[in-house]
>>> print(open('upload.csv').read())   # CSV, C-alpha atoms and all ligand atoms
chain,number,residue,atom,x,y,z
A,1,MET,CA,-18.4,-22.8,17.9
A,2,THR,CA,-16.4,-25.4,16.0
A,3,VAL,CA,-19.5,-26.5,14.2
A,4,LEU,CA,-20.1,-23.0,13.1
A,5,LYS,CA,-16.5,-22.5,12.0
A,6,GLY,CA,-16.7,-25.7,9.9
A,7,LEU,CA,-19.9,-24.6,8.3
A,8,LYS,CA,-18.4,-21.2,7.5
A,9,LYS,CA,-15.5,-22.9,5.9
A,10,ARG,CA,-17.7,-25.1,3.8
A,11,ILE,CA,-19.8,-22.2,2.6
A,12,ARG,CA,-16.6,-20.3,1.6
A,13,ALA,CA,-15.3,-23.4,-0.2
A,14,HIS,CA,-18.6,-23.7,-2.0
A,15,PHE,CA,-18.5,-20.1,-3.1
A,16,SER,CA,-14.9,-20.2,-4.3
A,17,MET,CA,-15.7,-23.3,-6.4
A,18,ARG,CA,-18.8,-21.9,-8.0
A,19,GLY,CA,-18.4,-21.9,-11.8
A,20,PHE,CA,-18.3,-21.8,-14.7
A,21,THR,CA,-20.4,-18.7,-14.5
A,22,CYS,CA,-19.4,-15.0,-14.1
A,23,ASP,CA,-19.5,-14.1,-10.4
A,24,ALA,CA,-21.2,-10.8,-11.3
A,25,CYS,CA,-23.8,-11.5,-14.0
A,26,GLY,CA,-24.0,-15.3,-14.1
A,27,GLY,CA,-23.0,-15.4,-17.8
A,28,GLU,CA,-20.8,-18.3,-19.0
A,29,VAL,CA,-17.0,-18.2,-18.3
A,30,PHE,CA,-15.1,-21.1,-19.8
A,31,ASP,CA,-11.8,-20.6,-18.0
A,32,TYR,CA,-13.3,-20.1,-14.6
A,33,PRO,CA,-11.8,-19.5,-12.0
A,34,ALA,CA,-8.7,-18.1,-14.0
A,35,HIS,CA,-11.3,-15.5,-14.9
A,36,ARG,CA,-14.0,-15.0,-12.4
A,37,LEU,CA,-15.9,-12.4,-14.5
A,38,CYS,CA,-17.1,-12.6,-18.1
A,39,ALA,CA,-15.4,-10.4,-20.7
A,40,LYS,CA,-18.3,-7.9,-20.6
A,41,CYS,CA,-18.2,-7.4,-16.8
A,42,GLU,CA,-14.4,-7.3,-16.8
A,43,GLU,CA,-14.4,-4.5,-19.3
A,44,SER,CA,-16.8,-2.5,-17.2
A,45,MET,CA,-14.4,-2.4,-14.3
A,46,ARG,CA,-12.4,0.7,-13.6
A,47,PRO,CA,-8.8,-0.3,-12.7
A,48,ASN,CA,-7.0,2.2,-10.5
A,49,ASP,CA,-4.0,2.1,-12.8
A,50,GLY,CA,-3.3,5.8,-13.6
A,51,ARG,CA,-1.9,8.4,-11.3
A,52,VAL,CA,-2.5,7.6,-7.6
A,53,CYS,CA,-1.9,9.3,-4.3
A,54,GLY,CA,1.4,8.2,-2.8
A,55,LYS,CA,-0.2,8.0,0.6
A,56,CYS,CA,-3.8,6.7,0.4
A,57,GLY,CA,-3.6,5.1,-3.1
A,58,ARG,CA,-6.7,6.8,-4.6
A,59,LYS,CA,-6.8,8.0,-8.2
A,60,THR,CA,-5.7,11.6,-8.3
A,61,LEU,CA,-6.2,14.6,-10.6
A,62,ALA,CA,-2.5,15.7,-10.4
A,63,GLU,CA,0.9,14.4,-9.3
A,64,GLY,CA,1.5,14.0,-5.6
A,65,VAL,CA,-0.6,13.5,-2.5
A,66,CYS,CA,-4.4,13.9,-2.9
A,67,LEU,CA,-6.3,16.8,-1.3
A,68,SER,CA,-7.9,14.6,1.3
A,69,CYS,CA,-4.5,13.5,2.6
A,70,LYS,CA,-3.1,17.0,2.4
A,71,SER,CA,-5.9,18.3,4.6
A,72,ARG,CA,-5.5,15.4,7.1
A,73,MET,CA,-2.7,12.8,6.7
A,74,PRO,CA,-4.0,9.3,7.3
A,75,ARG,CA,-2.2,7.4,10.0
A,76,PHE,CA,-1.7,4.2,7.9
A,77,ASP,CA,1.6,4.0,6.1
A,78,GLN,CA,0.2,3.5,2.7
A,79,GLY,CA,-3.1,2.6,1.0
A,80,PHE,CA,-3.7,0.4,-2.0
A,81,SER,CA,-6.8,-0.2,-4.2
A,82,PRO,CA,-7.0,-2.2,-7.4
A,83,PHE,CA,-10.2,-0.3,-8.5
A,84,VAL,CA,-11.7,3.1,-8.6
A,85,TYR,CA,-15.0,3.4,-6.7
A,86,ARG,CA,-17.1,4.5,-9.7
A,87,GLY,CA,-19.6,2.8,-12.0
A,88,GLU,CA,-19.6,-1.0,-12.1
A,89,SER,CA,-16.5,-1.2,-9.9
A,90,ALA,CA,-18.5,0.5,-7.1
A,91,SER,CA,-21.7,-1.4,-7.8
A,92,PHE,CA,-19.8,-4.8,-7.8
A,93,VAL,CA,-17.9,-4.1,-4.6
A,94,ASN,CA,-21.1,-3.0,-2.8
A,95,ARG,CA,-22.7,-6.2,-3.8
A,96,ILE,CA,-20.2,-8.2,-1.7
A,97,LYS,CA,-22.2,-7.0,1.4
A,98,THR,CA,-25.6,-6.8,-0.2
A,99,GLY,CA,-26.2,-10.4,-1.3
A,100,ASN,CA,-23.3,-11.5,-3.6
A,101,PRO,CA,-20.4,-12.5,-1.3
A,102,THR,CA,-18.9,-14.6,-4.1
A,103,LEU,CA,-17.6,-11.3,-5.6
A,104,ALA,CA,-15.2,-11.1,-2.7
A,105,TYR,CA,-12.9,-13.6,-4.4
A,106,TYR,CA,-12.5,-11.5,-7.6
A,107,PHE,CA,-11.7,-8.4,-5.6
A,108,ALA,CA,-9.4,-10.1,-3.1
A,109,GLU,CA,-7.3,-11.6,-5.9
A,110,LYS,CA,-6.7,-8.1,-7.4
A,111,MET,CA,-6.1,-6.7,-4.0
A,112,ALA,CA,-3.5,-9.3,-3.2
A,113,TYR,CA,-1.6,-8.5,-6.4
A,114,CYS,CA,-1.5,-4.8,-5.5
A,115,LEU,CA,0.1,-5.6,-2.3
A,116,ILE,CA,2.6,-8.1,-3.8
A,117,LYS,CA,3.7,-5.4,-6.3
A,118,ARG,CA,4.5,-3.2,-3.3
A,119,PHE,CA,6.3,-5.9,-1.4
A,120,GLU,CA,8.5,-6.6,-4.4
A,121,GLU,CA,9.6,-3.0,-4.4
A,122,MET,CA,10.5,-3.0,-0.7
A,123,GLU,CA,14.1,-3.9,-0.1
A,124,ASN,CA,14.7,-6.7,2.4
A,125,PHE,CA,11.0,-7.3,2.8
A,126,LYS,CA,10.3,-10.8,3.9
A,127,THR,CA,7.7,-12.7,5.9
A,128,GLU,CA,8.5,-15.8,8.1
A,129,VAL,CA,6.7,-18.4,10.0
A,130,GLY,CA,7.7,-16.7,13.3
A,131,ASP,CA,6.8,-13.3,12.0
A,132,PRO,CA,4.0,-13.6,9.4
A,133,LEU,CA,2.1,-10.7,7.9
A,134,MET,CA,-1.0,-9.9,10.0
A,135,ILE,CA,-4.1,-9.5,7.9
A,136,ILE,CA,-6.8,-7.7,9.8
A,137,PRO,CA,-10.3,-7.1,8.4
A,138,ILE,CA,-12.0,-3.9,9.6
A,139,PRO,CA,-14.4,-5.3,12.1
A,140,LEU,CA,-18.2,-4.8,12.5
A,141,THR,CA,-19.9,-4.5,15.8
A,142,LYS,CA,-21.3,-7.8,17.1
A,143,GLU,CA,-24.8,-6.6,16.5
A,144,ARG,CA,-24.1,-5.6,12.9
A,145,LEU,CA,-22.3,-8.9,12.3
A,146,ARG,CA,-25.3,-10.8,13.6
A,147,ALA,CA,-27.7,-8.8,11.5
A,148,ARG,CA,-25.7,-9.3,8.2
A,149,GLY,CA,-24.5,-12.8,8.9
A,150,TYR,CA,-21.0,-12.1,7.7
A,151,ASN,CA,-18.4,-9.4,7.5
A,152,GLN,CA,-17.5,-8.5,3.9
A,153,ALA,CA,-14.0,-7.3,5.0
A,154,GLU,CA,-13.4,-10.7,6.6
A,155,LEU,CA,-14.3,-12.5,3.4
A,156,LEU,CA,-11.8,-10.3,1.5
A,157,ALA,CA,-9.1,-10.7,4.2
A,158,ASP,CA,-9.4,-14.5,4.1
A,159,HIS,CA,-8.9,-14.7,0.4
A,160,VAL,CA,-6.2,-12.1,0.2
A,161,CYS,CA,-4.4,-14.2,2.8
A,162,THR,CA,-4.9,-17.4,0.7
A,163,VAL,CA,-3.5,-15.7,-2.4
A,164,LEU,CA,-0.5,-14.3,-0.5
A,165,GLN,CA,0.2,-17.8,0.9
A,166,GLU,CA,0.0,-19.3,-2.6
A,167,LYS,CA,2.6,-16.7,-3.8
A,168,GLY,CA,5.0,-17.8,-1.0
A,169,TYR,CA,4.3,-15.1,1.6
A,170,CYS,CA,3.8,-16.1,5.2
A,171,ALA,CA,0.6,-14.5,6.3
A,172,GLU,CA,-2.3,-15.0,8.8
A,173,VAL,CA,-5.7,-13.5,9.3
A,174,CYS,CA,-6.2,-12.2,12.8
A,175,ASN,CA,-9.9,-11.5,13.4
A,176,SER,CA,-9.8,-11.0,17.1
A,177,VAL,CA,-7.0,-8.4,17.4
A,178,LEU,CA,-9.2,-5.4,16.5
A,179,GLN,CA,-12.8,-4.9,17.7
A,180,LYS,CA,-15.4,-2.4,17.0
A,181,THR,CA,-17.0,-1.5,20.2
A,182,ARG,CA,-19.8,0.8,19.2
A,183,ASP,CA,-21.8,1.4,16.1
A,184,THR,CA,-20.9,4.5,14.0
A,185,ALA,CA,-23.5,6.5,12.1
A,186,GLN,CA,-23.8,6.0,8.4
A,187,GLN,CA,-21.0,7.9,6.8
A,188,LYS,CA,-22.2,8.3,3.3
A,189,HIS,CA,-23.1,11.9,3.4
A,190,MET,CA,-20.6,13.1,6.0
A,191,ASP,CA,-17.5,15.3,5.3
A,192,TYR,CA,-14.1,14.2,6.4
A,193,VAL,CA,-14.1,16.0,9.7
A,194,SER,CA,-17.5,14.5,10.7
A,195,ARG,CA,-16.2,11.1,9.7
A,196,ILE,CA,-13.1,11.4,11.9
A,197,GLU,CA,-15.3,12.4,14.8
A,198,ASN,CA,-17.7,9.6,14.0
A,199,VAL,CA,-15.1,6.8,14.1
A,200,ALA,CA,-13.0,8.2,16.9
A,201,GLY,CA,-12.8,5.7,19.7
A,202,ALA,CA,-15.1,3.2,18.0
A,203,TYR,CA,-12.3,0.6,17.6
A,204,HIS,CA,-10.3,-1.1,20.2
A,205,VAL,CA,-7.2,-3.3,20.1
A,206,HIS,CA,-8.1,-6.4,22.0
A,207,GLU,CA,-4.7,-8.1,21.8
A,208,ARG,CA,-2.1,-5.4,22.0
A,209,LYS,CA,0.9,-7.7,22.6
A,210,VAL,CA,0.7,-9.5,19.4
A,211,CYS,CA,0.9,-6.2,17.4
A,212,ARG,CA,4.4,-5.3,18.6
A,213,GLY,CA,6.8,-4.9,15.7
A,214,ARG,CA,4.5,-6.4,13.2
A,215,THR,CA,3.6,-5.5,9.6
A,216,ILE,CA,-0.2,-5.3,9.4
A,217,VAL,CA,-2.5,-5.2,6.4
A,218,LEU,CA,-5.9,-3.7,7.3
A,219,VAL,CA,-8.5,-4.9,4.8
A,220,ASP,CA,-11.8,-3.2,3.9
A,221,ASP,CA,-14.2,-3.2,0.9
A,222,VAL,CA,-14.3,0.5,0.2
A,223,MET,CA,-12.2,3.6,1.0
A,224,THR,CA,-14.0,7.0,0.8
A,225,THR,CA,-12.2,9.5,3.0
A,226,GLY,CA,-9.9,6.9,4.7
A,227,ALA,CA,-11.1,8.0,8.1
A,228,THR,CA,-11.9,4.4,9.2
A,229,GLY,CA,-8.6,3.0,8.0
A,230,SER,CA,-6.7,5.9,9.6
A,231,GLU,CA,-8.4,5.4,13.0
A,232,CYS,CA,-7.8,1.6,13.0
A,233,ALA,CA,-4.2,2.1,12.0
A,234,SER,CA,-3.6,4.7,14.7
A,235,ARG,CA,-4.9,2.1,17.3
A,236,LEU,CA,-2.6,-0.6,15.9
A,237,LEU,CA,0.4,1.6,15.7
A,238,SER,CA,-0.1,2.8,19.3
A,239,ALA,CA,-0.2,-0.9,20.3
A,240,GLY,CA,3.3,-1.2,18.8
A,241,ALA,CA,2.8,-2.3,15.1
A,242,GLU,CA,5.8,-1.4,13.0
A,243,ARG,CA,3.8,-0.5,9.9
A,244,VAL,CA,0.2,-0.6,8.8
A,245,PHE,CA,-1.0,-0.9,5.2
A,246,PHE,CA,-4.6,-0.2,4.2
A,247,LEU,CA,-5.9,-2.4,1.4
A,248,VAL,CA,-9.4,-2.0,-0.1
A,249,GLY,CA,-11.4,-3.3,-3.0
A,250,ALA,CA,-12.2,0.1,-4.4
A,251,ALA,CA,-11.3,3.7,-3.5
A,252,LEU,CA,-13.2,6.9,-4.2
A,253,PRO,CA,-11.1,9.0,-6.6
A,254,GLU,CA,-9.9,12.5,-5.8
A,255,GLN,CA,-12.7,15.1,-6.4
A,256,LYS,CA,-12.3,18.5,-7.9
B,1,ZN,ZN,-20.5,-11.0,-16.3
B,2,ZN,ZN,-4.5,10.5,-0.5
>>> encode(input="upload.csv", output="structure tokens")
Amino acid sequence: MTVLKGLKKRIRAHFSMRGFTCDACGGEVFDYPAHRLCAKCEESMRPNDGRVCGKCGRKTLAEGVCLSCKSRMPRFDQGFSPFVYRGESASFVNRIKTGNPTLAYYFAEKMAYCLIKRFEEMENFKTEVGDPLMIIPIPLTKERLRARGYNQAELLADHVCTVLQEKGYCAEVCNSVLQKTRDTAQQKHMDYVSRIENVAGAYHVHERKVCRGRTIVLVDDVMTTGATGSECASRLLSAGAERVFFLVGAALPEQK
């Protein structure tokens, strides 16, 4: 197990040092890793910088809470996403799990900055050695993890944690707290209600005690309806977590 852990660490270190080429297209990037994407790829990204839903964080068509949250309020306290799940932003974030895990570093950096912005607005918010932020990646089932070889959410969570630590926050990744106990059907073409039913009971809090009174950041690559984040948050809150944020690489915008 230790050997495997060491190997995993070395692979990650290797990916994070890869340069001086764009993580997405392989083109030259002179100031890598200050910039992980070349100018052309960076321009094609769609930042989630306009009007966003105050609850789930997706881009909205009008002021206030999005239609999806209005019809069913997610259980997490607040969601954040640096990018809109459209065009290249969607294609790049998908590539983290389909063969280009290096892209996780680019997304994770932007994700961490989203969160830091929120922390800076929160009065009296602090993290300490005795009470660090818990960063929890949305888990895969053991079978799925074995088939893919890695969990994209775990890669994102690891690097989000590193950036937070570099910025002076006390944070730790907790991979074993939340577990996925059964496989859920592909959610791509499901409506929100079907998704809720699909994920209900699929996640289990393995270590309930450690959640008590904690601020938890759930991490995933993509948010579509928010059903997965909501289900996991609900489990963690019932285990005693004080608040749960849901942080993703890209979020589907509100639809007409
Ligand atoms: Zn590029
Ligand atoms: Zn919303």
>>> residues_around(input="upload.csv", residues="range 39-52 of chain A", least_positions_apart="6", cutoff="8 Å", atoms="all atoms listed in the file", output="list in words")
Ala24, Cys25, Arg58, Lys59, Thr60, Leu61, Ala62, Glu63, Gly64, Ser81, Pro82, Phe83, Val84, Tyr85, Arg86, Gly87, Glu88 and Ser89 of chain A
>>> write_last_selection(input="upload.csv", atoms="C-alpha atoms", output="mmCIF file, in the coordinates of the input")
data_model
loop_
_atom_site.group_PDB
_atom_site.id
_atom_site.type_symbol
_atom_site.label_atom_id
_atom_site.label_comp_id
_atom_site.auth_asym_id
_atom_site.auth_seq_id
_atom_site.Cartn_x
_atom_site.Cartn_y
_atom_site.Cartn_z
ATOM 1 C CA ALA A 24 -21.200 -10.800 -11.300
ATOM 2 C CA CYS A 25 -23.800 -11.500 -14.000
ATOM 3 C CA ARG A 58 -6.700 6.800 -4.600
ATOM 4 C CA LYS A 59 -6.800 8.000 -8.200
ATOM 5 C CA THR A 60 -5.700 11.600 -8.300
ATOM 6 C CA LEU A 61 -6.200 14.600 -10.600
ATOM 7 C CA ALA A 62 -2.500 15.700 -10.400
ATOM 8 C CA GLU A 63 0.900 14.400 -9.300
ATOM 9 C CA GLY A 64 1.500 14.000 -5.600
ATOM 10 C CA SER A 81 -6.800 -0.200 -4.200
ATOM 11 C CA PRO A 82 -7.000 -2.200 -7.400
ATOM 12 C CA PHE A 83 -10.200 -0.300 -8.500
ATOM 13 C CA VAL A 84 -11.700 3.100 -8.600
ATOM 14 C CA TYR A 85 -15.000 3.400 -6.700
ATOM 15 C CA ARG A 86 -17.100 4.500 -9.700
ATOM 16 C CA GLY A 87 -19.600 2.800 -12.000
ATOM 17 C CA GLU A 88 -19.600 -1.000 -12.100
ATOM 18 C CA SER A 89 -16.500 -1.200 -9.900
#
>>> atom_distance(input="upload.csv", atom1="CA of Gln186 in chain A", atom2="CA of Val65 in chain A")
26.7 Å
>>> closest_residue(input="upload.csv", among="A:Val163, A:Ile96, A:Leu37, A:Leu252", to="ligand ZN 2 (chain B)", atoms="only C-alpha atoms and all ligand atoms")
A:Leu252
>>> residues_around(input="upload.csv", residues="range 214-230 of chain A", least_positions_apart="3", cutoff="6 Å", atoms="only C-alpha atoms", output="list of chain:residue names")
A:Pro74, A:Arg75, A:Phe76, A:Leu133, A:Met134, A:Ile135, A:Ile136, A:Pro137, A:Ile138, A:Ala153, A:Ala157, A:Ile196, A:Cys211, A:Ala233, A:Ala241, A:Glu242, A:Arg243, A:Val244, A:Phe245, A:Phe246, A:Leu247, A:Val248, A:Gly249, A:Ala250, A:Ala251, A:Leu252
>>> residues_near_ligand(input="upload.csv", ligand="ligand ZN 2 (chain B)", cutoff="8 Å", atoms="all atoms listed in the file", output="list in words")
Val52, Cys53, Gly54, Lys55, Cys56, Gly57, Arg58, Thr60, Val65, Cys66, Leu67, Ser68, Cys69, Lys70, Met73, Pro74 and Glu254 of chain A
>>> atom_distance(input="upload.csv", atom1="CA of Tyr150 in chain A", atom2="CA of Ser176 in chain A")
14.7 Å
>>> atom_distance(input="upload.csv", atom1="CA of Val160 in chain A", atom2="CA of Tyr113 in chain A")
8.8 Å
>>> decode(input="upload.csv", residues="range 75-191 of chain A", atoms="C-alpha atoms", output="mmCIF file, in the first residue's frame")
data_model
loop_
_atom_site.group_PDB
_atom_site.id
_atom_site.type_symbol
_atom_site.label_atom_id
_atom_site.label_comp_id
_atom_site.auth_asym_id
_atom_site.auth_seq_id
_atom_site.Cartn_x
_atom_site.Cartn_y
_atom_site.Cartn_z
ATOM 1 C CA ARG A 75 -28.481 20.527 0.714
ATOM 2 C CA PHE A 76 -24.967 21.998 0.466
ATOM 3 C CA ASP A 77 -24.574 25.519 1.862
ATOM 4 C CA GLN A 78 -23.128 27.058 -1.273
ATOM 5 C CA GLY A 79 -21.649 25.948 -4.579
ATOM 6 C CA PHE A 80 -18.748 27.476 -6.518
ATOM 7 C CA SER A 81 -17.382 26.991 -9.979
ATOM 8 C CA PRO A 82 -14.713 28.955 -11.841
ATOM 9 C CA PHE A 83 -15.995 27.903 -15.281
ATOM 10 C CA VAL A 84 -19.209 27.413 -17.204
ATOM 11 C CA TYR A 85 -19.731 23.875 -18.497
ATOM 12 C CA ARG A 86 -19.841 24.845 -22.161
ATOM 13 C CA GLY A 87 -17.497 24.725 -25.182
ATOM 14 C CA GLU A 88 -13.809 24.223 -24.413
ATOM 15 C CA SER A 89 -14.333 24.605 -20.656
ATOM 16 C CA ALA A 90 -16.540 21.511 -20.806
ATOM 17 C CA SER A 91 -14.251 19.629 -23.138
ATOM 18 C CA PHE A 92 -11.122 20.378 -21.047
ATOM 19 C CA VAL A 93 -12.742 19.456 -17.733
ATOM 20 C CA ASN A 94 -13.995 16.189 -19.264
ATOM 21 C CA ARG A 95 -10.487 15.372 -20.421
ATOM 22 C CA ILE A 96 -9.304 15.201 -16.795
ATOM 23 C CA LYS A 97 -11.030 11.823 -16.582
ATOM 24 C CA THR A 98 -10.570 10.704 -20.155
ATOM 25 C CA GLY A 99 -6.819 10.705 -20.510
ATOM 26 C CA ASN A 100 -5.383 14.099 -19.550
ATOM 27 C CA PRO A 101 -5.214 14.196 -15.730
ATOM 28 C CA THR A 102 -2.648 17.021 -15.939
ATOM 29 C CA LEU A 103 -5.505 19.424 -16.661
ATOM 30 C CA ALA A 104 -6.637 18.922 -13.056
ATOM 31 C CA TYR A 105 -3.912 21.333 -11.933
ATOM 32 C CA TYR A 106 -5.222 24.189 -14.046
ATOM 33 C CA PHE A 107 -8.809 23.704 -12.862
ATOM 34 C CA ALA A 108 -7.856 23.151 -9.229
ATOM 35 C CA GLU A 109 -5.955 26.442 -9.063
ATOM 36 C CA LYS A 110 -8.958 28.395 -10.323
ATOM 37 C CA MET A 111 -11.257 26.440 -8.001
ATOM 38 C CA ALA A 112 -9.124 27.240 -4.973
ATOM 39 C CA TYR A 113 -9.208 30.964 -5.818
ATOM 40 C CA CYS A 114 -13.038 30.865 -5.994
ATOM 41 C CA LEU A 115 -13.133 29.434 -2.522
ATOM 42 C CA ILE A 116 -10.550 31.835 -1.112
ATOM 43 C CA LYS A 117 -12.617 34.758 -2.417
ATOM 44 C CA ARG A 118 -15.577 33.410 -0.444
ATOM 45 C CA PHE A 119 -13.506 32.827 2.700
ATOM 46 C CA GLU A 120 -12.263 36.394 2.563
ATOM 47 C CA GLU A 121 -15.871 37.622 2.633
ATOM 48 C CA MET A 122 -16.736 35.484 5.648
ATOM 49 C CA GLU A 123 -16.333 37.313 8.909
ATOM 50 C CA ASN A 124 -14.248 35.533 11.543
ATOM 51 C CA PHE A 125 -13.481 32.658 9.201
ATOM 52 C CA LYS A 126 -10.294 30.879 10.115
ATOM 53 C CA THR A 127 -8.760 27.453 9.847
ATOM 54 C CA GLU A 128 -6.408 26.010 12.436
ATOM 55 C CA VAL A 129 -4.185 22.994 12.877
ATOM 56 C CA GLY A 130 -6.662 21.518 15.342
ATOM 57 C CA ASP A 131 -9.585 22.315 13.080
ATOM 58 C CA PRO A 132 -8.496 22.306 9.463
ATOM 59 C CA LEU A 133 -10.817 22.549 6.483
ATOM 60 C CA MET A 134 -11.814 19.094 5.319
ATOM 61 C CA ILE A 135 -11.490 18.682 1.579
ATOM 62 C CA ILE A 136 -13.478 15.670 0.395
ATOM 63 C CA PRO A 137 -13.501 14.475 -3.213
ATOM 64 C CA ILE A 138 -16.772 12.941 -4.440
ATOM 65 C CA PRO A 139 -15.841 9.255 -4.367
ATOM 66 C CA LEU A 140 -16.134 6.589 -7.048
ATOM 67 C CA THR A 141 -17.057 3.004 -6.245
ATOM 68 C CA LYS A 142 -14.072 0.677 -5.763
ATOM 69 C CA GLU A 143 -14.893 -1.045 -9.051
ATOM 70 C CA ARG A 144 -15.003 2.218 -11.005
ATOM 71 C CA LEU A 145 -11.795 3.416 -9.391
ATOM 72 C CA ARG A 146 -10.049 0.194 -10.351
ATOM 73 C CA ALA A 147 -11.275 0.477 -13.938
ATOM 74 C CA ARG A 148 -10.185 4.119 -14.407
ATOM 75 C CA GLY A 149 -7.055 3.910 -12.297
ATOM 76 C CA TYR A 150 -7.699 7.251 -10.587
ATOM 77 C CA ASN A 151 -10.491 9.462 -9.356
ATOM 78 C CA GLN A 152 -10.520 12.824 -11.157
ATOM 79 C CA ALA A 153 -12.193 14.465 -8.138
ATOM 80 C CA GLU A 154 -9.334 13.247 -5.943
ATOM 81 C CA LEU A 155 -6.738 14.828 -8.231
ATOM 82 C CA LEU A 156 -8.649 18.112 -8.080
ATOM 83 C CA ALA A 157 -9.093 17.893 -4.298
ATOM 84 C CA ASP A 158 -5.377 17.223 -3.717
ATOM 85 C CA HIS A 159 -4.290 20.253 -5.668
ATOM 86 C CA VAL A 160 -7.030 22.533 -4.301
ATOM 87 C CA CYS A 161 -5.707 21.593 -0.871
ATOM 88 C CA THR A 162 -2.105 22.380 -1.857
ATOM 89 C CA VAL A 163 -3.086 25.826 -3.164
ATOM 90 C CA LEU A 164 -5.086 26.572 0.000
ATOM 91 C CA GLN A 165 -2.108 25.576 2.134
ATOM 92 C CA GLU A 166 0.202 27.770 0.062
ATOM 93 C CA LYS A 167 -2.174 30.659 0.731
ATOM 94 C CA GLY A 168 -1.986 30.080 4.476
ATOM 95 C CA TYR A 169 -5.142 28.054 5.079
ATOM 96 C CA CYS A 170 -5.038 24.952 7.183
ATOM 97 C CA ALA A 171 -6.618 22.216 5.093
ATOM 98 C CA GLU A 172 -6.472 18.466 4.672
ATOM 99 C CA VAL A 173 -7.794 16.020 2.094
ATOM 100 C CA CYS A 174 -9.916 13.274 3.622
ATOM 101 C CA ASN A 175 -10.424 10.449 1.153
ATOM 102 C CA SER A 176 -11.827 7.839 3.463
ATOM 103 C CA VAL A 177 -14.641 9.779 5.165
ATOM 104 C CA LEU A 178 -17.147 9.449 2.332
ATOM 105 C CA GLN A 179 -17.616 6.277 0.314
ATOM 106 C CA LYS A 180 -19.678 5.359 -2.683
ATOM 107 C CA THR A 181 -21.308 2.064 -1.956
ATOM 108 C CA ARG A 182 -23.066 1.287 -5.189
ATOM 109 C CA ASP A 183 -22.743 2.302 -8.803
ATOM 110 C CA THR A 184 -25.253 4.805 -10.090
ATOM 111 C CA ALA A 185 -26.594 4.811 -13.646
ATOM 112 C CA GLN A 186 -25.124 7.286 -16.162
ATOM 113 C CA GLN A 187 -26.851 10.571 -15.395
ATOM 114 C CA LYS A 188 -26.254 12.389 -18.651
ATOM 115 C CA HIS A 189 -29.788 12.180 -20.001
ATOM 116 C CA MET A 190 -31.684 12.160 -16.728
ATOM 117 C CA ASP A 191 -33.859 14.953 -15.381
#
